[in-house]
2 protein chains.
Amino acid sequence: MKIAYDGTNFYGFQRQPRLRTIQGTLEEILESLSGSHLSVQGAGRTDAGVHARGQVVAFPLRDWPIPAERTAPALNGTLPAEMAVLAAAEAPAGFHPRYDALSKTYHYTVFRRAVRCPLWRLYALHQPADLNLRLMREAAADLKGEHDFSAFQNTGRPVKSAVRVLQEVLIEEDDLFLHFWFTANGFLYQMVRVIVGTLLEIGLERLEPAVVPKALETGKRELLGPTAPPHGLCLERVVYPEGIFVE
Amino acid sequence: MKIAYDGTNFYGFQRQPRLRTIQGTLEEILESLSGSHLSVQGAGRTDAGVHARGQVVAFPLRDWPIPAERTAPALNGTLPAEMAVLAAAEAPAGFHPRYDALSKTYHYTVFRRAVRCPLWRLYALHQPADLNLRLMREAAADLKGEHDFSAFQNTGRPVKSAVRVLQEVLIEEDDLFLHFWFTANGFLYQMVRVIVGTLLEIGLERLEPAVVPKALETGKRELLGPTAPPHGLCLERVVYPEGIFVE
């Protein structure tokens, strides 16, 4: 299923005892409709406060009583308003939304006016200071491609290999916002937020763009900027080999 | 002061005993900073759930200790995140933000995708059905100009004259949204929401565009559609004679 959610009032994607999470909420509703515990897998394990407009989740269909074409409306009638099922389709046996993904795209939004906007407070980071876009784009270009991104993660979710392919890094600006877009074959723990926090420090001219190649080379997290807050981040899109997931 | 707010968790603009309102919150903070009760007037008395990006408010400066240029930062440091002061300026004695306004502009947002969007649930009305834009624009054109808008209000805030000049009615569409823009020299109680509720019924082909001239003529509220919900509505802009309020 392709799902969207406002992550503000959730303790992230992953099920945790006694806490409200996206996975936990989905599993509860699937159980209430099917009478069975159906374990939900997600393409991205978004943190508390992170949003999604195109998260993909999957669960086993063996005990699921509702046909695919009626699954989205049935769940939308039961889910809280902060969550919605945008599309549902039957996947081949063994499909895993994270391991089978070719790429994921995250979007980070920065609100740039001098005064904060109450209507964007939950969906964009407020950064009123001038930003040097040229330096930020220079650093972003160095991030593109296949690298060991060990420096660009926080501790808490160890991985065997930190090599990822960052296929696209895009910085767009308009009158009100700065939009960051990141597409990769996979992301490390809080990788997007470490990158955004670093690019903003570079834009503020508190760090030099040269820290990026240096951190890629040495793996040293401490060379980089702070982790940007979660509320500006949104999981926008997950892409699968043709036929595995069709909307 | 030009202010913005997320109206979701307020009982509207106007002060009410023991309820959280925009006016009440402002007056509390002005009192905490000045030691005096300073009565706040607003350009538009927005309902519970209605937002603002350009509301204008005024209060007497006699007991106010902070210079105009430091008033916005001082208040923004104290206001809840759901409110912000965008600009502050000294107005001539006797200035009243409602009576002196030449025009106000309201914006109503409708989210048009098949499935609701959790990230827009507090800021746009979800209407997934097809809408006949041609019929809606035909009806909107009949609303423009000077009319007695008696039919286009709800009971609860009686006025001597219901004659208003609707200077602009604009319906814009893009991929995700329908945007309604209304500019007038004044609005009656819930007038924008009655107009939007009626235009949507016309777009759904449940009412004919001819109800608009008929309601303008007869003053009959019952000819029109339901009152659209508050959360899609935002007070965007208030215009004053040059020099009265300059950002």
# chains A, B, ... in the order shown; residues from 1 in each chain; ligands from 1
>>> residues_around(residues="region 216-224 of chain A", least_positions_apart="2", cutoff="9 Å", atoms="only C-alpha atoms", output="ChimeraX atom specification")
/A:143,147-154,194-195,197-199,201,207,211-214,226
>>> closest_atom_pairs(of="chain B", to="chain A", cutoff="8 Å", atoms="only C-alpha atoms", output="Markdown table")
| residue | atom | partner | partner_atom | distance |
| --- | --- | --- | --- | --- |
| B:Ala4 | CA | A:Pro118 | CA | 6.6 |
| B:Tyr5 | CA | A:Pro118 | CA | 5.4 |
| B:Asp6 | CA | A:Leu119 | CA | 5.5 |
| B:Ala81 | CA | A:Pro118 | CA | 6.1 |
| B:Glu82 | CA | A:Pro118 | CA | 4.7 |
| B:Met83 | CA | A:Pro118 | CA | 5.6 |
| B:Ala84 | CA | A:Pro118 | CA | 6.5 |
| B:Val85 | CA | A:Val115 | CA | 7.5 |
| B:Leu86 | CA | A:Val115 | CA | 6.0 |
| B:Val115 | CA | A:Leu86 | CA | 5.9 |
| B:Arg116 | CA | A:Ala84 | CA | 6.7 |
| B:Cys117 | CA | A:Ala84 | CA | 6.8 |
| B:Pro118 | CA | A:Glu82 | CA | 4.7 |
| B:Leu119 | CA | A:Asp6 | CA | 5.5 |
| B:Arg121 | CA | A:Ala81 | CA | 7.2 |
>>> select_by_dssp(residues="region 19-111 of chain A", states="alpha helix (DSSP H)", output="PyMOL selection string")
chain A and resi 22-34+68-76
>>> residues_around(residues="Thr46 (chain A)", least_positions_apart="3", cutoff="10 Å", atoms="only C-alpha atoms", output="compact mmCIF listing (two decimals) with C-alpha atoms, in the first residue's frame")
# COMPACT_ATOMS: atom_id res chain seq x y z
CA GLY A 7 4.14 12.25 11.64
CA TYR A 11 6.57 8.09 17.78
CA GLY A 12 7.89 7.28 14.32
CA PHE A 13 7.11 4.42 11.96
CA GLN A 14 8.32 1.42 13.94
CA ILE A 22 2.50 4.26 12.19
CA GLY A 42 7.63 -0.40 5.56
CA ALA A 43 9.98 0.96 2.89
CA GLY A 49 7.83 13.87 13.55
CA VAL A 50 8.82 12.84 9.99
CA HIS A 51 5.97 12.84 7.46
CA ALA A 52 5.18 10.74 4.40
CA GLN A 55 5.56 5.59 2.09
CA TYR A 189 19.93 6.31 10.01
CA GLN A 190 19.00 10.04 9.93
CA PRO A 230 12.45 15.91 11.83
CA LEU A 233 11.25 15.91 6.34
CA CYS A 234 8.83 13.91 4.20
CA LEU A 235 9.18 10.52 2.49
>>> closest_residue(among="B:Leu30, B:Leu204, B:Ala215, B:Ala140", to="Ala74 (chain B)", atoms="only C-alpha atoms")
B:Leu30
>>> select_by_dssp(residues="region 48-183 of chain B", states="strand (DSSP E)", output="ChimeraX atom specification")
/B:51-58,83-87,103-111,125-126,145-148,163-173,177-183
>>> residues_around(residues="Ala139 (chain A)", least_positions_apart="2", cutoff="8 Å", atoms="only C-alpha atoms", output="PDB file with C-alpha atoms, in the first residue's frame")
ATOM      1  CA  LEU A 135      28.245  26.973  -1.525  1.00  0.00           C
ATOM      2  CA  MET A 136      25.374  24.641  -0.622  1.00  0.00           C
ATOM      3  CA  ARG A 137      25.051  23.422  -4.222  1.00  0.00           C
ATOM      4  CA  ALA A 141      27.336  18.032  -5.896  1.00  0.00           C
ATOM      5  CA  ASP A 142      30.105  16.275  -3.955  1.00  0.00           C
ATOM      6  CA  LEU A 143      27.514  14.068  -2.245  1.00  0.00           C
ATOM      7  CA  LEU A 199      24.231  21.921   4.003  1.00  0.00           C
ATOM      8  CA  ILE A 202      27.562  25.525   4.823  1.00  0.00           C
ATOM      9  CA  PRO A 209      31.934  22.893   1.493  1.00  0.00           C
ATOM     10  CA  ALA A 210      35.242  20.992   1.785  1.00  0.00           C
ATOM     11  CA  VAL A 212      31.783  17.042   2.642  1.00  0.00           C
TER      12      VAL A 212
END
>>> residues_around(residues="Arg15 (chain A)", least_positions_apart="6", cutoff="6 Å", atoms="only C-alpha atoms", output="list of chain:residue names")
A:Thr21, A:Gln23, A:Gly24
>>> residues_around(residues="Arg164 (chain A)", least_positions_apart="5", cutoff="9 Å", atoms="only C-alpha atoms", output="list in words")
Gly145, Glu146, His147, Asp148, Phe149, Ala184, Asn185, Gly186, Phe187 and Leu188 of chain A
>>> write_last_selection(atoms="C-alpha atoms", output="short mmCIF file (atom, residue, chain, number, x, y, z; two decimals), in the first residue's frame")
data_model
loop_
_atom_site.label_atom_id
_atom_site.label_comp_id
_atom_site.auth_asym_id
_atom_site.auth_seq_id
_atom_site.Cartn_x
_atom_site.Cartn_y
_atom_site.Cartn_z
CA GLY A 145 27.06 9.21 -6.62
CA GLU A 146 28.27 6.07 -4.86
CA HIS A 147 30.07 6.70 -1.55
CA ASP A 148 30.62 5.24 1.87
CA PHE A 149 28.30 7.54 3.83
CA ALA A 184 19.08 7.13 -3.24
CA ASN A 185 18.99 3.36 -3.37
CA GLY A 186 18.89 3.47 0.43
CA PHE A 187 19.49 5.83 3.33
CA LEU A 188 21.37 5.38 6.60
#
>>> atom_distance(atom1="CA of Leu178 (chain B)", atom2="CA of Leu102 (chain B)")
26.3 Å
>>> atom_distance(atom1="CA of Ala93 (chain A)", atom2="CA of Glu236 (chain A)")
25.1 Å
>>> atom_distance(atom1="CA of Asn132 (chain A)", atom2="CA of Asp47 (chain A)")
28.6 Å
>>> residues_around(residues="region 32-36 of chain B", least_positions_apart="3", cutoff="8 Å", atoms="only C-alpha atoms", output="JSON, numbers by chain")
{"B": [28, 29, 63, 64, 65]}
>>> write_last_selection(atoms="C-alpha atoms", output="PDB file, in the first residue's frame")
ATOM      1  CA  GLU B  28      -2.943  38.394  27.902  1.00  0.00           C
ATOM      2  CA  ILE B  29       0.534  38.748  26.439  1.00  0.00           C
ATOM      3  CA  ASP B  63       0.744  52.126  28.135  1.00  0.00           C
ATOM      4  CA  TRP B  64       2.882  50.154  25.723  1.00  0.00           C
ATOM      5  CA  PRO B  65       6.566  50.190  26.729  1.00  0.00           C
TER       6      PRO B  65
END
